[in-house]
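**Q** start-v3.cif is the file, holding mmCIF, C-alpha atoms:
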data_input
#
loop_
_atom_site.label_atom_id
_atom_site.label_comp_id
_atom_site.auth_asym_id
_atom_site.auth_seq_id
_atom_site.Cartn_x
_atom_site.Cartn_y
_atom_site.Cartn_z
CA MET A 1 -15.97 1.59 -23.53
CA ASP A 2 -12.31 2.60 -23.70
CA LEU A 3 -9.74 2.42 -20.97
CA VAL A 4 -8.44 5.98 -20.62
CA ALA A 5 -4.84 6.53 -19.53
CA LYS A 6 -3.55 9.97 -18.56
CA TYR A 7 0.10 10.91 -19.03
CA HIS A 8 2.43 13.79 -18.25
CA VAL A 9 4.77 14.16 -21.25
CA GLU A 10 7.96 16.15 -21.72
CA THR A 11 9.15 16.32 -25.34
CA ASP A 12 10.51 18.59 -28.04
CA LEU A 13 7.81 17.32 -30.40
CA PRO A 14 4.48 19.10 -30.76
CA ILE A 15 2.36 17.56 -28.00
CA GLN A 16 -0.17 16.19 -30.52
CA LYS A 17 2.62 14.34 -32.34
CA ALA A 18 3.94 12.96 -29.06
CA ALA A 19 0.44 11.78 -28.11
CA GLU A 20 0.06 10.05 -31.46
CA ALA A 21 3.40 8.32 -30.96
CA ILE A 22 2.29 6.97 -27.59
CA ALA A 23 -1.06 5.82 -28.94
CA ALA A 24 0.59 3.99 -31.83
CA GLU A 25 3.44 2.43 -29.82
CA GLN A 26 1.13 1.11 -27.13
CA SER A 27 -1.55 -0.35 -29.41
CA THR A 28 -1.17 -1.31 -33.07
CA GLY A 29 1.63 0.84 -34.48
CA THR A 30 5.34 0.46 -35.11
CA TRP A 31 8.18 2.66 -36.35
CA THR A 32 7.25 2.35 -40.03
CA GLU A 33 4.11 1.90 -42.10
CA VAL A 34 2.69 -1.61 -42.30
CA ARG A 35 -0.50 -3.05 -43.70
CA GLY A 36 -3.55 -2.77 -41.49
CA ALA A 37 -2.90 0.81 -40.40
CA ASP A 38 -6.65 1.35 -40.09
CA ASN A 39 -6.86 -1.36 -37.41
CA PRO A 40 -10.01 -0.85 -35.30
CA LEU A 41 -8.00 -1.68 -32.16
CA ALA A 42 -5.72 1.34 -32.59
CA ALA A 43 -5.60 3.61 -29.53
CA ARG A 44 -6.85 7.17 -30.04
CA VAL A 45 -5.71 10.52 -28.72
CA ILE A 46 -8.45 12.06 -26.59
CA ARG A 47 -6.53 15.08 -25.38
CA ALA A 48 -3.12 16.64 -26.01
CA GLU A 49 -2.69 20.01 -24.32
CA GLY A 50 0.33 21.54 -22.63
CA ASP A 51 2.13 18.55 -21.07
CA LEU A 52 -1.01 16.44 -20.54
CA VAL A 53 -2.00 13.59 -22.83
CA GLU A 54 -5.04 11.31 -22.59
CA ILE A 55 -5.16 8.14 -24.64
CA GLY A 56 -8.21 5.93 -25.13
CA PHE A 57 -7.45 2.23 -25.52
CA PRO A 58 -10.23 0.01 -26.88
CA VAL A 59 -11.26 -2.43 -24.18
CA GLU A 60 -10.79 -5.28 -26.67
CA LEU A 61 -7.02 -4.71 -26.39
CA PHE A 62 -7.11 -6.10 -22.86
CA GLU A 63 -7.39 -9.63 -21.53
CA PRO A 64 -9.86 -9.35 -18.62
CA GLY A 65 -8.29 -10.38 -15.33
CA ASN A 66 -4.68 -10.07 -16.54
CA ILE A 67 -3.06 -7.13 -14.72
CA PRO A 68 0.42 -7.79 -16.15
CA GLN A 69 -1.05 -7.47 -19.64
CA TYR A 70 -2.87 -4.24 -18.71
CA LEU A 71 0.47 -2.75 -17.66
CA SER A 72 2.15 -3.92 -20.85
CA VAL A 73 -0.33 -1.81 -22.78
CA ILE A 74 -0.64 1.34 -20.68
CA ALA A 75 2.90 1.41 -19.22
CA GLY A 76 5.03 -0.51 -21.67
CA ASN A 77 7.51 0.67 -24.27
CA LEU A 78 6.47 4.33 -24.13
CA PHE A 79 9.02 5.04 -21.37
CA GLY A 80 11.81 4.18 -23.80
CA LEU A 81 10.63 6.23 -26.79
CA GLY A 82 13.57 8.37 -27.87
CA SER A 83 11.34 11.26 -28.96
CA LEU A 84 10.00 11.65 -25.40
CA LYS A 85 12.23 13.09 -22.68
CA LYS A 86 9.97 12.02 -19.83
CA VAL A 87 6.61 10.28 -19.46
CA ARG A 88 4.60 9.73 -16.30
CA LEU A 89 1.47 7.59 -16.14
CA LEU A 90 -0.70 9.81 -13.95
CA ASP A 91 -3.96 7.89 -13.71
CA VAL A 92 -6.09 5.25 -15.39
CA ASP A 93 -9.86 5.14 -15.78
CA PHE A 94 -10.60 1.43 -15.96
CA PRO A 95 -13.87 0.42 -17.64
CA GLU A 96 -16.27 -1.52 -15.44
CA SER A 97 -15.75 -4.72 -17.41
CA LEU A 98 -12.06 -4.81 -16.49
CA VAL A 99 -12.60 -3.87 -12.84
CA ARG A 100 -15.24 -6.56 -12.45
CA ALA A 101 -12.88 -9.16 -13.89
CA HIS A 102 -11.19 -8.95 -10.48
CA ARG A 103 -12.74 -9.90 -7.14
CA GLY A 104 -10.96 -7.24 -5.15
CA PRO A 105 -10.29 -7.79 -1.45
CA MET A 106 -11.68 -10.84 0.28
CA PHE A 107 -11.16 -8.81 3.46
CA GLY A 108 -11.82 -5.08 3.23
CA ILE A 109 -11.89 -2.34 5.85
CA GLU A 110 -15.16 -3.48 7.41
CA ASP A 111 -14.02 -7.12 7.61
CA ALA A 112 -10.73 -6.20 9.28
CA ARG A 113 -12.56 -4.03 11.80
CA LYS A 114 -14.89 -6.91 12.67
CA ILE A 115 -11.95 -9.21 13.35
CA LEU A 116 -10.39 -6.66 15.71
CA ASP A 117 -13.74 -5.50 17.11
CA VAL A 118 -12.66 -1.89 16.50
CA PHE A 119 -15.11 0.35 14.68
CA ASP A 120 -14.86 3.92 15.90
CA ARG A 121 -11.23 5.00 15.48
CA PRO A 122 -8.18 4.78 13.22
CA LEU A 123 -5.99 1.71 13.56
CA VAL A 124 -2.48 2.14 14.93
CA GLY A 125 0.32 -0.24 13.98
CA THR A 126 4.04 -0.84 14.06
CA ILE A 127 6.87 -2.57 12.24
CA VAL A 128 9.15 -4.87 14.18
CA LYS A 129 12.49 -3.12 14.69
CA PRO A 130 15.35 -3.74 14.22
CA LYS A 131 14.13 -4.62 10.75
CA VAL A 132 16.33 -7.72 10.52
CA GLY A 133 18.54 -9.61 12.93
CA LEU A 134 16.07 -10.72 15.59
CA ASP A 135 15.38 -14.42 16.02
CA PRO A 136 11.80 -15.72 16.36
CA ALA A 137 11.76 -15.29 20.14
CA GLY A 138 13.10 -11.75 19.87
CA THR A 139 10.55 -10.87 17.21
CA ALA A 140 7.75 -12.25 19.38
CA GLU A 141 8.93 -10.25 22.37
CA VAL A 142 8.87 -6.99 20.43
CA ALA A 143 5.47 -7.77 18.87
CA ALA A 144 3.86 -8.63 22.19
CA ALA A 145 5.28 -5.51 23.84
CA ALA A 146 3.70 -3.39 21.11
CA VAL A 147 0.30 -5.04 21.46
CA ARG A 148 0.41 -4.65 25.24
CA GLY A 149 0.72 -0.94 24.54
CA GLY A 150 -2.54 -1.01 22.58
CA LEU A 151 -1.51 -1.43 18.94
CA ASP A 152 -3.80 -3.09 16.40
CA LEU A 153 -1.24 -4.39 13.95
CA VAL A 154 2.36 -5.58 14.01
CA LYS A 155 4.11 -6.31 10.72
CA ASP A 156 7.36 -7.69 9.42
CA ASP A 157 9.61 -5.32 7.55
CA GLU A 158 9.86 -5.66 3.80
CA THR A 159 13.29 -7.29 3.90
CA LEU A 160 12.37 -10.07 6.34
CA THR A 161 11.07 -13.24 4.71
CA ASN A 162 12.39 -16.71 5.54
CA GLN A 163 16.07 -16.17 6.33
CA SER A 164 18.06 -18.63 8.42
CA PHE A 165 18.30 -16.31 11.43
CA CYS A 166 14.50 -16.02 11.64
CA PRO A 167 12.66 -18.86 9.81
CA MET A 168 9.11 -17.95 8.93
CA VAL A 169 7.29 -20.90 10.54
CA GLU A 170 9.16 -20.55 13.82
CA ARG A 171 8.58 -16.79 13.74
CA VAL A 172 4.84 -17.12 13.13
CA GLU A 173 4.44 -19.66 15.92
CA ALA A 174 6.42 -17.57 18.39
CA VAL A 175 4.68 -14.29 17.55
CA MET A 176 1.14 -15.68 17.52
CA SER A 177 1.73 -17.49 20.80
CA ALA A 178 2.96 -14.24 22.34
CA LEU A 179 0.00 -12.30 20.95
CA ASP A 180 -2.42 -14.92 22.28
CA ARG A 181 -0.95 -14.43 25.76
CA ALA A 182 -1.15 -10.66 25.40
CA GLU A 183 -4.81 -10.92 24.37
CA LYS A 184 -5.63 -13.12 27.37
CA ASP A 185 -3.93 -10.62 29.68
CA THR A 186 -5.27 -7.40 28.16
CA GLY A 187 -8.22 -8.30 25.94
CA LYS A 188 -6.41 -6.63 23.00
CA LYS A 189 -6.76 -8.28 19.60
CA ALA A 190 -4.13 -7.56 16.98
CA PHE A 191 -3.02 -8.62 13.53
CA TYR A 192 0.45 -9.96 12.79
CA ALA A 193 1.28 -9.41 9.12
CA VAL A 194 3.92 -12.01 8.29
CA ASN A 195 5.89 -11.32 5.13
CA VAL A 196 5.38 -14.22 2.70
CA THR A 197 7.02 -12.55 -0.30
CA THR A 198 8.83 -15.05 -2.52
CA GLY A 199 8.78 -16.40 -6.08
CA ALA A 200 5.61 -17.15 -8.02
CA ASP A 201 6.08 -20.90 -7.68
CA GLN A 202 6.16 -20.78 -3.88
CA ILE A 203 4.19 -17.80 -2.61
CA LEU A 204 0.78 -19.45 -2.17
CA GLU A 205 2.29 -22.50 -0.48
CA ARG A 206 4.28 -20.24 1.84
CA ALA A 207 1.24 -18.15 2.75
CA GLU A 208 -0.88 -21.22 3.40
CA LYS A 209 1.87 -22.62 5.61
CA ALA A 210 1.94 -19.35 7.58
CA VAL A 211 -1.83 -19.52 8.11
CA ASP A 212 -1.63 -23.20 9.06
CA HIS A 213 0.80 -22.20 11.79
CA GLY A 214 -1.45 -19.46 13.13
CA ALA A 215 -0.92 -16.31 11.05
CA ASN A 216 -3.97 -14.03 11.03
CA MET A 217 -2.63 -11.73 8.28
CA VAL A 218 -0.05 -12.10 5.52
CA MET A 219 2.03 -9.42 3.87
CA VAL A 220 3.38 -9.15 0.33
CA ASP A 221 5.83 -6.73 -1.30
CA VAL A 222 3.59 -6.17 -4.30
CA LEU A 223 6.00 -4.49 -6.70
CA THR A 224 8.77 -7.04 -6.24
CA ALA A 225 6.46 -10.08 -6.15
CA GLY A 226 3.93 -8.78 -8.68
CA PHE A 227 0.23 -7.93 -8.75
CA SER A 228 -0.62 -11.47 -9.77
CA ALA A 229 1.07 -12.76 -6.59
CA LEU A 230 -1.20 -10.49 -4.57
CA GLU A 231 -4.24 -11.69 -6.48
CA VAL A 232 -3.37 -15.34 -5.87
CA LEU A 233 -3.05 -14.65 -2.14
CA SER A 234 -6.24 -12.62 -1.86
CA ARG A 235 -8.30 -15.27 -3.63
CA ASN A 236 -6.96 -18.29 -1.78
CA VAL A 237 -5.68 -17.38 1.69
CA LYS A 238 -8.41 -16.90 4.27
CA VAL A 239 -6.83 -13.97 6.11
CA PRO A 240 -6.40 -10.27 5.26
CA VAL A 241 -3.46 -9.23 3.07
CA HIS A 242 -1.20 -6.33 4.02
CA VAL A 243 0.49 -4.79 0.97
CA HIS A 244 3.88 -3.11 1.15
CA ARG A 245 4.99 -0.87 -1.72
CA THR A 246 8.76 -1.34 -1.43
CA MET A 247 10.58 -0.24 -4.62
CA HIS A 248 7.76 2.15 -5.49
CA GLY A 249 10.10 5.15 -5.46
CA ALA A 250 11.77 3.87 -8.61
CA MET A 251 8.42 4.47 -10.34
CA THR A 252 6.75 7.23 -8.31
CA ARG A 253 9.40 9.62 -7.04
CA ASP A 254 10.16 11.57 -10.22
CA LYS A 255 7.03 13.66 -10.75
CA GLY A 256 7.84 13.94 -14.45
CA HIS A 257 8.54 10.29 -15.18
CA GLY A 258 7.37 6.83 -14.16
CA ILE A 259 4.06 5.75 -12.68
CA SER A 260 2.02 7.55 -10.04
CA MET A 261 1.07 5.88 -6.77
CA VAL A 262 -2.63 6.25 -7.54
CA VAL A 263 -2.29 3.77 -10.43
CA ILE A 264 -0.64 1.29 -8.07
CA ALA A 265 -3.41 1.88 -5.52
CA LYS A 266 -6.13 1.07 -8.03
CA LEU A 267 -4.39 -2.11 -9.12
CA VAL A 268 -3.88 -3.23 -5.51
CA ARG A 269 -7.59 -2.77 -4.81
CA MET A 270 -8.48 -4.78 -7.91
CA ALA A 271 -5.98 -7.49 -6.96
CA GLY A 272 -7.31 -7.78 -3.42
CA GLY A 273 -5.16 -6.02 -0.82
CA THR A 274 -6.67 -5.21 2.58
CA ASN A 275 -4.12 -2.54 3.54
CA LEU A 276 -1.74 -0.57 1.30
CA HIS A 277 1.13 1.77 2.16
CA THR A 278 0.23 4.94 0.30
CA GLY A 279 2.45 7.67 1.74
CA SER A 280 2.36 10.03 4.66
CA TYR A 281 1.16 13.60 4.92
CA LEU A 282 3.96 14.22 7.40
CA GLY A 283 6.96 11.90 7.86
CA LYS A 284 10.27 10.94 6.28
CA MET A 285 8.56 9.61 3.13
CA ALA A 286 5.95 12.35 2.87
CA ARG A 287 5.11 13.08 -0.75
CA GLU A 288 2.65 15.33 -2.50
CA ILE A 289 -0.59 15.92 -0.65
CA GLU A 290 -2.62 15.73 -3.87
CA GLU A 291 -1.30 12.25 -4.67
CA ASN A 292 -2.04 11.05 -1.12
CA ASP A 293 -5.58 12.35 -1.49
CA LEU A 294 -6.02 10.55 -4.80
CA CYS A 295 -4.71 7.28 -3.36
CA ARG A 296 -6.99 7.58 -0.34
CA ASP A 297 -10.02 8.08 -2.55
CA ALA A 298 -9.02 5.32 -4.98
CA LEU A 299 -8.88 2.87 -2.08
CA ARG A 300 -12.01 3.94 -0.21
CA ASN A 301 -14.56 5.46 -2.58
CA GLU A 302 -17.28 3.24 -4.02
CA TRP A 303 -15.82 1.54 -7.10
CA HIS A 304 -17.85 -1.02 -8.99
CA GLY A 305 -18.69 -2.89 -5.80
CA LEU A 306 -15.13 -3.71 -4.70
CA LYS A 307 -14.50 -3.71 -0.95
CA ARG A 308 -12.68 -0.74 0.54
CA VAL A 309 -8.97 -0.82 1.41
CA PHE A 310 -7.11 0.78 4.34
CA PRO A 311 -4.52 3.39 3.31
CA VAL A 312 -1.44 3.12 5.54
CA ALA A 313 0.62 6.14 6.58
CA SER A 314 4.13 4.90 7.33
CA GLY A 315 7.75 6.05 7.26
CA GLY A 316 9.22 8.34 9.90
CA ILE A 317 5.96 8.50 11.85
CA TYR A 318 6.00 9.35 15.57
CA PRO A 319 3.37 10.81 17.92
CA ALA A 320 3.80 14.43 16.86
CA THR A 321 3.08 13.52 13.22
CA VAL A 322 -0.06 11.49 13.92
CA HIS A 323 -2.53 14.38 13.71
CA ALA A 324 -1.35 15.59 10.30
CA ASN A 325 -1.72 12.09 8.88
CA LEU A 326 -5.14 11.54 10.41
CA ASP A 327 -6.26 14.95 9.18
CA GLY A 328 -5.39 13.73 5.69
CA TYR A 329 -6.64 10.15 5.82
CA GLY A 330 -9.46 10.34 8.35
CA ILE A 331 -10.71 7.56 10.57
CA ASP A 332 -10.50 4.71 8.04
CA CYS A 333 -6.73 4.40 7.90
CA ILE A 334 -3.77 2.79 9.62
CA VAL A 335 -1.09 5.05 11.03
CA GLN A 336 2.06 3.05 11.52
CA ALA A 337 5.34 3.78 13.28
CA GLY A 338 8.53 1.74 13.60
CA GLY A 339 11.23 3.78 15.27
CA GLY A 340 8.48 6.07 16.53
CA VAL A 341 7.32 3.20 18.75
CA HIS A 342 10.47 1.24 19.60
CA GLY A 343 12.71 4.30 20.00
CA HIS A 344 10.60 5.71 22.83
CA PRO A 345 12.74 6.30 25.95
CA GLY A 346 10.36 4.08 27.91
CA GLY A 347 10.60 1.20 25.45
CA THR A 348 8.23 -0.43 22.98
CA THR A 349 5.13 -0.66 25.19
CA ALA A 350 5.44 2.97 26.22
CA GLY A 351 6.03 3.96 22.60
CA ALA A 352 2.90 2.10 21.53
CA ARG A 353 0.89 3.85 24.23
CA ALA A 354 2.17 7.22 23.10
CA MET A 355 1.01 6.53 19.54
CA VAL A 356 -2.41 5.37 20.75
CA GLN A 357 -2.69 8.45 22.95
CA ALA A 358 -1.87 10.70 20.00
CA ALA A 359 -4.67 9.07 18.01
CA GLU A 360 -7.04 9.44 20.99
CA ALA A 361 -6.22 13.15 21.16
CA TRP A 362 -7.06 13.51 17.48
CA MET A 363 -10.38 11.73 17.97
CA LYS A 364 -11.24 14.03 20.88
CA ARG A 365 -9.99 17.12 19.01
CA VAL A 366 -7.65 17.93 21.88
CA PRO A 367 -4.22 19.47 21.14
CA LEU A 368 -1.35 17.04 21.71
CA SER A 369 0.35 19.24 24.28
CA GLU A 370 -2.85 19.44 26.30
CA TYR A 371 -3.55 15.70 26.07
CA ALA A 372 0.04 14.99 27.13
CA GLU A 373 -0.50 16.73 30.46
CA ASP A 374 -2.09 13.59 31.92
CA HIS A 375 -0.68 10.97 29.53
CA LYS A 376 2.95 10.44 30.50
CA GLU A 377 3.98 8.27 27.54
CA LEU A 378 2.81 10.94 25.09
CA GLU A 379 4.44 13.66 27.16
CA THR A 380 7.77 11.81 27.07
CA ALA A 381 7.52 11.27 23.31
CA LEU A 382 6.84 14.94 22.64
CA LYS A 383 9.79 15.98 24.79
CA PHE A 384 12.08 13.40 23.17
CA TRP A 385 11.19 13.84 19.48
CA GLY A 386 9.58 17.25 19.57
CA SER A 387 6.03 18.41 19.08
#
Please express the file's structure as structure tokens.

**A**
Amino acid sequence: MDLVAKYHVETDLPIQKAAEAIAAEQSTGTWTEVRGADNPLAARVIRAEGDLVEIGFPVELFEPGNIPQYLSVIAGNLFGLGSLKKVRLLDVDFPESLVRAHRGPMFGIEDARKILDVFDRPLVGTIVKPKVGLDPAGTAEVAAAAVRGGLDLVKDDETLTNQSFCPMVERVEAVMSALDRAEKDTGKKAFYAVNVTTGADQILERAEKAVDHGANMVMVDVLTAGFSALEVLSRNVKVPVHVHRTMHGAMTRDKGHGISMVVIAKLVRMAGGTNLHTGSYLGKMAREIEENDLCRDALRNEWHGLKRVFPVASGGIYPATVHANLDGYGIDCIVQAGGGVHGHPGGTTAGARAMVQAAEAWMKRVPLSEYAEDHKELETALKFWGS
């Protein structure tokens, strides 16, 4: 069975000629005739209409289990072809043999819910803010304040790793100790996603060190570290893996060129992420609704037996935007706010409560303004940021 890749193409060539150029460049061809032109591994044009091209790549072209090699074939030199003005990889239909070459998440949605003992509602999370500059004690204070407000997940920002002002081991120990105290006081369990992003030669060792010092979730910047880094973590580290998509806009933002987020979502599920930032339906990084829908379904629909992955709505989220994001993603998602928690006039704990209350209102199908009448933290948030 072929792998089928779908592309948006902008070119002055007839679309059939452009499709043939892509098929040749990405499989067996070159710029001039060579012997072996009838190679059975040549990609074939399935469809070339308007600005849409579908290419079928023989499965034998791919090394099972090697995501970097998959990308070299389906998203390689075609972006530099002079005859094409723009090319966007829209989607990929992976044959079962390639999907099953990957284990997918060790911890999926159901596993994460069991750890938190939360089954009947969306998860609500935050990012420690300010994003950098806090020392381990300061980070722990912010994290604990958020959990005391009812949040399920606290994560590092994508730029915080193991800098001198906040060493990872000291940070993990401080945060997990603070969360343990918060759990004893409130009964609230929460994940702390510590960012272990680093080079290929160190990332597993760093993640294992984080877990040895108490981390109950690790985080990786998948596009800067690589899909193989995620796969190494998901196969070897015995905690869930939170996946940040930093740098994705370089690939996804131009709707005529690059790589769509749904392709990244499929690869993250294959490689083993538990949670993946996929975009918001309403927020500062809100993108196209159709692409959000496709990412949601790619992460959660049944797919060759791989465990399901939480989509994460993040970026400019605050209580008034919660309902739009939950309308889009449904109950099996994480809605996550940074400034929308810590910028609350009442502080981090009050901001966390306001986010939780917004999610509660959505679950009860009660308008936010009505729910705010007897929930002061939500009422303050709506007055401060707007409704």

**Q** Taking the file as shown, what set of residues would the PyMOL selection byres ((chain A and resi 234-236) around 10) give back, as a list in words?

**A**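 Applying the PyMOL selection byres ((chain A and resi 234-236) around 10) to the structure shown produces His102, Arg103, Gly104, Pro105, Met106, Phe107, Leu204, Ala207, Glu208, Val218, Ser228, Ala229, Leu230, Glu231, Val232, Leu233, Val237, Lys238, Val239, Pro240, Val241, His242, Ala271, Gly272, Gly273 and Thr274 of chain A.
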
**Q** Quick one: residues within 10 Å of Asp297 in chain A, all atoms listed in the file counted, chain neighbours fewer than 6 positions away excluded, as number ranges by chain?

**A** A: 262, 265-266, 291, 303, 308-309, 311, 329

**Q** Which residues fall under the PyMOL selection byres ((chain A and resi 317) around 8) in this file, as a count of residues only?

**A** 17

**Q** Applied to this file, what does the PyMOL selection byres ((chain A and resi 62-74) around 10) return in terms of residues, put as an MDAnalysis selection string?

**A** chainID A and resid 3:7 22:23 25:27 55:61 75:78 89 92 94 97:103 226:228 231 267 270:271

**Q** Just to confirm, what's the straight-line distance from CA of Asn275 in chain A to CA of Leu160 in chain A in Å (one decimal)?

**A** 18.3 Å
